[in-house]
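Okay, model_1.csv now, which holds CSV, C-alpha atoms and all ligand atoms:
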```
chain,number,residue,atom,x,y,z
A,3,SER,CA,0.0,0.0,0.0
A,4,LEU,CA,1.0,3.6,-0.3
A,5,SER,CA,1.6,4.1,3.4
A,6,VAL,CA,4.0,1.1,3.5
A,7,GLU,CA,5.9,2.5,0.5
A,8,ALA,CA,5.9,5.9,2.2
A,9,TYR,CA,7.2,4.5,5.5
A,10,ARG,CA,10.0,2.6,3.8
A,11,ARG,CA,11.0,5.5,1.7
A,12,GLN,CA,11.1,7.9,4.6
A,13,HIS,CA,13.2,5.5,6.7
A,14,GLU,CA,15.4,4.4,3.7
A,15,ILE,CA,14.3,0.8,4.0
A,16,VAL,CA,14.9,-1.4,0.9
A,17,VAL,CA,13.5,-4.9,1.0
A,18,THR,CA,14.3,-7.8,-1.4
A,19,GLY,CA,12.2,-11.0,-1.4
A,20,ASP,CA,8.7,-12.4,-2.1
A,21,ASP,CA,5.7,-11.0,-0.3
A,22,VAL,CA,7.6,-9.0,2.2
A,23,PRO,CA,5.2,-8.1,5.1
A,24,ALA,CA,4.5,-4.5,6.0
A,25,PRO,CA,6.7,-3.0,8.7
A,26,TYR,CA,5.3,-2.7,12.3
A,27,THR,CA,5.4,1.1,12.7
A,28,THR,CA,4.3,0.9,16.3
A,29,PHE,CA,5.1,-1.5,19.1
A,30,GLU,CA,1.4,-2.1,19.7
A,31,SER,CA,0.9,-3.3,16.1
A,32,ALA,CA,3.6,-6.0,16.5
A,33,GLY,CA,1.3,-8.3,18.5
A,34,PHE,CA,3.9,-8.9,21.1
A,35,PRO,CA,2.9,-10.4,24.4
A,36,SER,CA,1.9,-7.9,27.1
A,37,GLU,CA,5.0,-8.7,29.3
A,38,ILE,CA,7.3,-7.7,26.3
A,39,LEU,CA,5.3,-4.5,25.7
A,40,ARG,CA,5.6,-3.7,29.4
A,41,ALA,CA,9.4,-4.1,29.3
A,42,ILE,CA,9.5,-1.8,26.2
A,43,HIS,CA,7.3,0.7,28.0
A,44,HIS,CA,9.5,0.4,31.1
A,45,VAL,CA,12.7,1.5,29.2
A,46,GLY,CA,10.8,4.3,27.6
A,47,PHE,CA,11.2,3.6,23.9
A,48,SER,CA,8.6,5.4,21.9
A,49,VAL,CA,8.7,3.8,18.4
A,50,PRO,CA,10.5,0.8,16.8
A,51,THR,CA,13.6,1.7,14.9
A,52,PRO,CA,13.4,1.1,11.1
A,53,ILE,CA,15.3,-2.2,11.2
A,54,GLN,CA,13.1,-3.5,14.0
A,55,ALA,CA,9.9,-2.3,12.3
A,56,GLN,CA,10.8,-4.2,9.1
A,57,SER,CA,12.6,-7.2,10.6
A,58,TRP,CA,10.0,-8.2,13.2
A,59,PRO,CA,7.1,-9.2,10.8
A,60,ILE,CA,9.6,-11.1,8.6
A,61,ALA,CA,11.1,-13.0,11.6
A,62,LEU,CA,7.7,-13.7,13.0
A,63,GLN,CA,6.8,-15.4,9.8
A,64,SER,CA,9.7,-17.8,10.6
A,65,ARG,CA,11.6,-16.7,7.5
A,66,ASP,CA,15.3,-16.4,7.1
A,67,ILE,CA,16.5,-12.8,7.0
A,68,VAL,CA,19.6,-10.8,6.2
A,69,ALA,CA,19.5,-7.4,7.8
A,70,ILE,CA,22.0,-4.8,6.9
A,71,ALA,CA,22.0,-1.7,9.1
A,72,LYS,CA,24.7,0.4,10.7
A,73,THR,CA,25.8,0.2,14.3
A,74,GLY,CA,23.4,1.7,16.8
A,75,SER,CA,20.2,1.0,14.7
A,76,GLY,CA,18.6,-1.4,17.3
A,77,LYS,CA,19.4,-4.7,15.6
A,78,THR,CA,19.6,-6.6,18.9
A,79,LEU,CA,15.9,-6.3,19.7
A,80,GLY,CA,15.2,-6.9,16.0
A,81,TYR,CA,16.2,-10.6,16.6
A,82,LEU,CA,15.7,-11.0,20.3
A,83,ILE,CA,12.0,-10.4,20.6
A,84,PRO,CA,11.0,-12.8,17.8
A,85,GLY,CA,13.5,-15.2,19.4
A,86,PHE,CA,11.7,-15.0,22.7
A,87,MET,CA,8.4,-15.6,21.0
A,88,HIS,CA,9.9,-18.6,19.2
A,89,VAL,CA,11.0,-20.0,22.6
A,90,LYS,CA,7.5,-19.5,24.1
A,91,ARG,CA,5.9,-21.1,21.1
A,92,LEU,CA,8.0,-24.3,21.2
A,93,HIS,CA,8.4,-24.5,24.9
A,94,ASN,CA,11.2,-27.0,24.7
A,95,ASN,CA,12.8,-28.6,27.7
A,96,SER,CA,15.7,-26.2,28.5
A,97,LYS,CA,17.6,-29.0,30.1
A,98,MET,CA,18.0,-30.6,26.7
A,99,GLY,CA,19.9,-27.5,25.4
A,100,PRO,CA,19.1,-24.0,24.0
A,101,THR,CA,16.4,-23.3,21.5
A,102,VAL,CA,17.9,-20.0,20.4
A,103,LEU,CA,21.6,-19.5,19.7
A,104,VAL,CA,23.1,-16.0,19.0
A,105,LEU,CA,26.7,-15.9,17.8
A,106,ALA,CA,28.6,-12.6,18.3
A,107,PRO,CA,32.2,-11.7,17.7
A,108,THR,CA,33.4,-10.5,21.1
A,109,ARG,CA,32.9,-10.9,24.8
A,110,GLU,CA,31.9,-7.3,25.1
A,111,LEU,CA,29.2,-7.6,22.4
A,112,ALA,CA,28.0,-10.9,23.8
A,113,THR,CA,27.6,-9.4,27.2
A,114,GLN,CA,25.8,-6.4,25.8
A,115,ILE,CA,23.3,-8.7,24.0
A,116,GLN,CA,22.9,-10.7,27.3
A,117,ASP,CA,22.1,-7.5,29.2
A,118,GLU,CA,19.4,-6.7,26.6
A,119,ALA,CA,18.1,-10.2,26.7
A,120,VAL,CA,17.8,-10.2,30.5
A,121,LYS,CA,16.1,-6.8,30.4
A,122,PHE,CA,13.5,-7.7,27.9
A,123,GLY,CA,13.2,-11.5,28.5
A,124,ARG,CA,13.1,-11.8,32.3
A,125,SER,CA,9.4,-11.0,32.6
A,126,SER,CA,8.7,-13.7,30.0
A,127,ARG,CA,10.7,-16.1,32.1
A,128,ILE,CA,13.1,-16.7,29.3
A,129,SER,CA,16.5,-17.9,30.6
A,130,CYS,CA,19.6,-16.6,28.8
A,131,MET,CA,23.3,-17.0,29.3
A,132,CYS,CA,26.6,-16.0,27.7
A,133,LEU,CA,29.6,-18.0,26.7
A,134,TYR,CA,32.8,-16.2,25.9
A,135,GLY,CA,36.6,-16.7,26.2
A,136,GLY,CA,39.0,-15.1,28.6
A,137,ALA,CA,37.0,-16.3,31.6
A,138,PRO,CA,36.9,-19.6,33.4
A,139,LYS,CA,34.7,-22.3,31.8
A,140,GLY,CA,33.4,-23.7,35.2
A,141,PRO,CA,30.6,-21.1,35.8
A,142,GLN,CA,29.6,-21.2,32.2
A,143,LEU,CA,29.3,-24.9,32.2
A,144,ARG,CA,27.3,-24.8,35.5
A,145,ASP,CA,24.9,-22.3,33.9
A,146,LEU,CA,24.5,-24.6,30.9
A,147,ASP,CA,23.8,-27.6,33.1
A,148,ARG,CA,21.0,-25.7,34.9
A,149,GLY,CA,19.2,-25.5,31.5
A,150,VAL,CA,18.8,-22.4,29.3
A,151,ASP,CA,16.6,-21.2,26.5
A,152,VAL,CA,18.9,-18.6,24.8
A,153,VAL,CA,22.6,-18.9,24.5
A,154,ILE,CA,24.7,-15.9,23.4
A,155,ALA,CA,28.2,-17.0,22.5
A,156,THR,CA,31.4,-16.1,20.8
A,157,PRO,CA,32.3,-18.8,18.2
A,158,GLY,CA,35.7,-19.8,19.9
A,159,ARG,CA,34.3,-20.5,23.3
A,160,LEU,CA,31.2,-22.3,22.0
A,161,ASN,CA,33.4,-24.6,19.9
A,162,ASP,CA,35.6,-25.4,22.9
A,163,ILE,CA,32.5,-26.4,24.9
A,164,LEU,CA,31.1,-28.3,22.0
A,165,GLU,CA,34.4,-30.3,21.8
A,166,MET,CA,34.0,-31.1,25.5
A,167,ARG,CA,30.5,-32.3,24.7
A,168,ARG,CA,29.1,-30.2,27.4
A,169,VAL,CA,26.3,-28.6,25.3
A,170,SER,CA,24.0,-29.9,22.7
A,171,LEU,CA,22.8,-27.7,19.8
A,172,HIS,CA,20.3,-30.3,18.6
A,173,GLN,CA,17.4,-28.3,19.9
A,174,VAL,CA,18.4,-25.0,18.3
A,175,SER,CA,15.9,-23.9,15.8
A,176,TYR,CA,16.5,-20.1,15.8
A,177,LEU,CA,20.1,-19.2,14.9
A,178,VAL,CA,21.3,-15.6,14.8
A,179,LEU,CA,24.7,-14.5,13.3
A,180,ASP,CA,25.1,-11.0,14.8
A,181,GLU,CA,27.8,-8.7,13.4
A,182,ALA,CA,28.5,-11.3,10.8
A,183,ASP,CA,30.9,-9.0,9.0
A,184,ARG,CA,33.0,-8.6,12.1
A,185,MET,CA,33.0,-12.3,12.9
A,186,LEU,CA,34.4,-13.0,9.4
A,187,ASP,CA,37.0,-10.2,9.7
A,188,MET,CA,38.1,-11.8,13.0
A,189,GLY,CA,38.6,-15.2,11.3
A,190,PHE,CA,35.7,-17.0,12.9
A,191,GLU,CA,34.4,-18.5,9.7
A,192,PRO,CA,35.7,-22.1,10.3
A,193,GLN,CA,34.3,-22.1,13.9
A,194,ILE,CA,30.9,-20.8,12.7
A,195,ARG,CA,30.7,-23.5,10.1
A,196,LYS,CA,31.6,-26.2,12.7
A,197,ILE,CA,28.9,-24.9,15.0
A,198,VAL,CA,26.3,-24.8,12.3
A,199,LYS,CA,27.0,-28.4,11.5
A,200,GLU,CA,25.7,-29.3,15.0
A,201,ILE,CA,22.4,-27.5,14.4
A,202,PRO,CA,19.5,-29.2,12.6
A,203,HIS,CA,18.8,-28.0,9.1
A,204,CYS,CA,15.2,-27.4,10.0
A,205,ARG,CA,15.8,-24.0,11.6
A,206,GLN,CA,15.3,-20.3,11.1
A,207,THR,CA,18.5,-18.4,10.4
A,208,LEU,CA,18.9,-14.6,10.9
A,209,MET,CA,22.0,-12.7,9.9
A,210,PHE,CA,22.7,-9.1,11.1
A,211,THR,CA,25.5,-7.2,9.7
A,212,ALA,CA,26.6,-3.6,9.3
A,213,THR,CA,28.3,-4.2,5.9
A,214,TRP,CA,27.6,-6.5,2.9
A,215,PRO,CA,31.0,-7.5,1.4
A,216,LYS,CA,31.3,-10.7,-0.8
A,217,GLU,CA,32.6,-12.9,2.1
A,218,VAL,CA,29.4,-12.1,4.1
A,219,ARG,CA,27.2,-12.7,1.0
A,220,LYS,CA,29.0,-16.1,0.5
A,221,ILE,CA,28.3,-17.4,4.0
A,222,ALA,CA,24.7,-16.0,3.8
A,223,ALA,CA,24.2,-18.0,0.6
A,224,ASP,CA,25.5,-21.1,2.3
A,225,LEU,CA,23.6,-20.9,5.6
A,226,LEU,CA,20.3,-19.2,4.9
A,227,VAL,CA,17.4,-20.4,2.8
A,228,HIS,CA,15.5,-17.9,0.6
A,229,PRO,CA,16.3,-15.0,3.0
A,230,VAL,CA,14.4,-11.8,2.8
A,231,GLN,CA,17.0,-9.0,2.7
A,232,VAL,CA,16.4,-5.7,4.5
A,233,ASN,CA,18.8,-2.8,4.0
A,234,ILE,CA,18.5,0.4,6.0
A,235,GLY,CA,20.2,3.4,4.4
A,236,SER,CA,22.9,3.0,1.7
A,237,ILE,CA,24.9,-0.2,1.4
A,238,ASP,CA,28.7,0.0,1.2
B,301,LIG,P1,23.0,-2.3,16.9
B,301,LIG,O1,23.0,-3.7,17.2
B,301,LIG,O2,22.3,-2.0,15.6
B,301,LIG,O3,24.3,-1.6,16.9
B,301,LIG,P2,21.7,-2.0,19.4
B,301,LIG,O4,20.7,-3.1,19.3
B,301,LIG,O5,22.9,-2.2,20.2
B,301,LIG,O6,22.1,-1.5,18.0
B,301,LIG,O7,20.9,-0.7,19.9
B,301,LIG,C1,21.5,0.5,20.2
B,301,LIG,C2,20.9,1.3,21.3
B,301,LIG,O8,19.5,1.7,21.0
B,301,LIG,C3,20.7,0.4,22.6
B,301,LIG,O9,21.1,1.2,23.7
B,301,LIG,C4,19.3,0.0,22.6
B,301,LIG,O10,18.8,-0.3,23.9
B,301,LIG,C5,18.6,1.2,22.0
B,301,LIG,N1,17.3,0.9,21.3
B,301,LIG,C6,16.9,-0.2,20.7
B,301,LIG,N2,15.7,-0.1,20.2
B,301,LIG,C7,15.3,1.1,20.5
B,301,LIG,C8,14.1,1.9,20.2
B,301,LIG,N3,13.1,1.3,19.5
B,301,LIG,N4,14.0,3.2,20.6
B,301,LIG,C9,15.0,3.7,21.2
B,301,LIG,N5,16.2,3.1,21.6
B,301,LIG,C10,16.3,1.8,21.2
B,302,MG,MG,24.5,-5.1,17.5
```
Before we go any further, please render this structure as structure tokens.
Amino acid sequence: SLSVEAYRRQHEIVVTGDDVPAPYTTFESAGFPSEILRAIHHVGFSVPTPIQAQSWPIALQSRDIVAIAKTGSGKTLGYLIPGFMHVKRLHNNSKMGPTVLVLAPTRELATQIQDEAVKFGRSSRISCMCLYGGAPKGPQLRDLDRGVDVVIATPGRLNDILEMRRVSLHQVSYLVLDEADRMLDMGFEPQIRKIVKEIPHCRQTLMFTATWPKEVRKIAADLLVHPVQVNIGSID
């Protein structure tokens, strides 16, 4: 419709894919559970950012997505909230392993995502944890053993723990590659591919990246199925 086109043009949203759903221009129109809306209200956000507005309806259709938007555009909630709804819908036994896996390049980014996940997921009783290097494995392994819905991990530490056979990814059905461009720049591609081999094919895969160079396009082509692509602003 005209208003969808106008909203996309105004916010420099370019979508590529079949039957891309209309953006959710307000939080209320997204159909989120009331506890999520309360958490959003509590932090005082007034409107979704463009990447959130356009990514949410696509992610909630269980489709793969490539989202290209610069740092600071609100990508984290773009994948976390649909991930929480995915966990609630499936209600898997968290003792059997996580349902949602988020890969991020650094300890700092992983802990920022974890903070956001706790802030917005706690009232939905979603359990989240973080795995990263440069810290002892013991507490991370104990958290895993307690059972968890959402794991946020750097590829190196997750691979170490996979090699120890202390976590199963067989229940993961929502995989997020956050800051995909940075993960590849940091040389994590082999670890990412090893991790993905442990995850069933029957999954939803979401890739978030600030840039769209050919290395990122290549791994997207390998790991995602008919993704909808969302660009915010100009692509470099
Ligand atoms: P990105 O991953 O794109 O770099 P983040 O997800 O880290 O961006 O979000 C950047 C900042 O914007 C965070 O502090 C986050 O809490 C905040 N934020 C997220 N969504 C909104 C929103 N709809 N309105 C206002 N601030 C938001
Ligand atoms: Mg981010």
Query - Test item: residues at most 8 Å from A:Leu160, all atoms listed in the file, excluding those fewer than 4 positions along its chain, as a PyMOL selection string - result: chain A and resi 133-134+155-156+164+197
Please identify every residue of stretch 130-171 of chain A that has at least one atom no farther than 12 Å from an atom of stretch 92-100 of chain A, counting all atoms listed in the file, and for each give the shortest atom pair and the distance in Å to one decimal, arranged by chain then increasing number, as a Markdown table.
```
| residue | atom | partner | partner_atom | distance |
| --- | --- | --- | --- | --- |
| A:Cys130 | CA | A:Pro100 | CA | 8.8 |
| A:Met131 | CA | A:Pro100 | CA | 9.7 |
| A:Cys132 | CA | A:Pro100 | CA | 11.6 |
| A:Leu143 | CA | A:Gly99 | CA | 11.9 |
| A:Arg144 | CA | A:Lys97 | CA | 11.9 |
| A:Asp145 | CA | A:Lys97 | CA | 10.6 |
| A:Leu146 | CA | A:Gly99 | CA | 7.7 |
| A:Asp147 | CA | A:Lys97 | CA | 7.0 |
| A:Arg148 | CA | A:Lys97 | CA | 6.7 |
| A:Gly149 | CA | A:Lys97 | CA | 4.1 |
| A:Val150 | CA | A:Ser96 | CA | 5.0 |
| A:Asp151 | CA | A:Pro100 | CA | 4.5 |
| A:Val152 | CA | A:Pro100 | CA | 5.5 |
| A:Val153 | CA | A:Pro100 | CA | 6.2 |
| A:Ile154 | CA | A:Pro100 | CA | 9.9 |
| A:Ala155 | CA | A:Pro100 | CA | 11.6 |
| A:Leu164 | CA | A:Gly99 | CA | 11.7 |
| A:Arg167 | CA | A:Gly99 | CA | 11.7 |
| A:Arg168 | CA | A:Gly99 | CA | 9.8 |
| A:Val169 | CA | A:Gly99 | CA | 6.5 |
| A:Ser170 | CA | A:Gly99 | CA | 5.5 |
| A:Leu171 | CA | A:Gly99 | CA | 6.3 |
```
Residues of chain A that approach ligand MG 302 (chain B) to 8 Å or less, counting all atoms listed in the file: could you list each one with the shortest pair of atoms and its distance in Å to one decimal, rows by chain and increasing residue number, as a tab-separated table?
```
residue	atom	partner	partner_atom	distance
A:Thr73	CA	B:MG302	MG	6.3
A:Gly74	CA	B:MG302	MG	6.9
A:Ser75	CA	B:MG302	MG	8.0
A:Gly76	CA	B:MG302	MG	7.0
A:Lys77	CA	B:MG302	MG	5.5
A:Thr78	CA	B:MG302	MG	5.3
A:Leu111	CA	B:MG302	MG	7.2
A:Ile115	CA	B:MG302	MG	7.5
A:Asp180	CA	B:MG302	MG	6.5
A:Glu181	CA	B:MG302	MG	6.4
A:Phe210	CA	B:MG302	MG	7.8
```
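When atom CA of A:Val230 is paired with atom CA of A:Ala69, their separation reads 8.4 Å.
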**Report entry** Surrounding residues as a PyMOL selection string, ligand LIG 301 (chain B), max 10 Å, all atoms listed in the file
**Finding:** chain A and resi 28-29+42+45-55+69-82+111+114-115+117-118+121-122+180-181+210-212
Report task. Using all atoms listed in the file, determine which residues lie at most 12 Å from A:Gly189, disregarding the query and same-chain residues fewer than 4 positions distant; provide the list as a PyMOL selection string. Result -> chain A and resi 107+156-158+182-185+193-195+217
Query raised in the report: Which is closest to A:Met87 among A:Leu186, A:Ala106, A:Leu179, A:Ile128, if we use only C-alpha atoms?
Result: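 The answer is A:Ile128, which sits nearest to A:Met87.
Computed from the coordinates, the atom CA of A:Val174 to atom CA of A:Met209 distance equals 15.3 Å.
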Requested in this report: Could you check which of A:His13, A:Pro59, A:His44, A:Ser129 is closest to A:Ser31, using all atoms listed in the file?
Outcome: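 Going through A:His13, A:Pro59, A:His44, A:Ser129 one by one, the smallest distance to A:Ser31 is for A:Pro59.
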Query raised in the report: In terms of the shortest atom-to-atom distance over all atoms listed in the file, which of A:Thr108, A:Ser175, A:Gln206, A:Arg65 is closest to A:Asp20?
Result: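 Checking each of A:Thr108, A:Ser175, A:Gln206, A:Arg65 against A:Asp20, counting all atoms listed in the file, the winner is A:Arg65.
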Report task. Grab the atom CA of A:Pro25 to atom CA of A:Gln231 distance for me, in Å with one decimal place. Result ->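 According to the coordinates, atom CA of A:Pro25 and atom CA of A:Gln231 are separated by 13.3 Å.
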Query raised in the report: So which residues fall inside 10 Å of (10.0, -7.9, 30.1) if we count all atoms listed in the file? Mind giving them as a list in words?
Result: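 Answer for this query, in the requested form: Pro35, Ser36, Glu37, Ile38, Leu39, Arg40, Ala41, Ile42, His43, His44, Val45, Ala119, Val120, Lys121, Phe122, Gly123, Arg124, Ser125, Ser126, Arg127 and Ile128 of chain A.
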Restricted to C-alpha atoms, what would the selected residues look like written as a short mmCIF file (atom, residue, chain, number, x, y, z; two decimals), in the frame of the given file?
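For reference, result-v4.cif as written:
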```
data_model
loop_
_atom_site.label_atom_id
_atom_site.label_comp_id
_atom_site.auth_asym_id
_atom_site.auth_seq_id
_atom_site.Cartn_x
_atom_site.Cartn_y
_atom_site.Cartn_z
CA PRO A 35 2.90 -10.40 24.40
CA SER A 36 1.90 -7.90 27.10
CA GLU A 37 5.00 -8.70 29.30
CA ILE A 38 7.30 -7.70 26.30
CA LEU A 39 5.30 -4.50 25.70
CA ARG A 40 5.60 -3.70 29.40
CA ALA A 41 9.40 -4.10 29.30
CA ILE A 42 9.50 -1.80 26.20
CA HIS A 43 7.30 0.70 28.00
CA HIS A 44 9.50 0.40 31.10
CA VAL A 45 12.70 1.50 29.20
CA ALA A 119 18.10 -10.20 26.70
CA VAL A 120 17.80 -10.20 30.50
CA LYS A 121 16.10 -6.80 30.40
CA PHE A 122 13.50 -7.70 27.90
CA GLY A 123 13.20 -11.50 28.50
CA ARG A 124 13.10 -11.80 32.30
CA SER A 125 9.40 -11.00 32.60
CA SER A 126 8.70 -13.70 30.00
CA ARG A 127 10.70 -16.10 32.10
CA ILE A 128 13.10 -16.70 29.30
#
```
**Report entry** Using all atoms listed in the file: which of A:Val68, A:Leu225, A:Val178, A:Leu208 has the shortest distance to A:Val16
**Finding:**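 The answer is A:Val68, which sits nearest to A:Val16.
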Query raised in the report: Using only C-alpha atoms, which of A:Gln56, A:Thr101, A:Ser5, A:Thr113 sits nearest A:Leu177?
Result: A:Thr101
Query - Selected residue of minimal separation from A:Arg10 among A:Arg109, A:Leu226, A:Ile83, A:Thr27, counting only C-alpha atoms - result: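 So, comparing all the options, the nearest one is A:Thr27.
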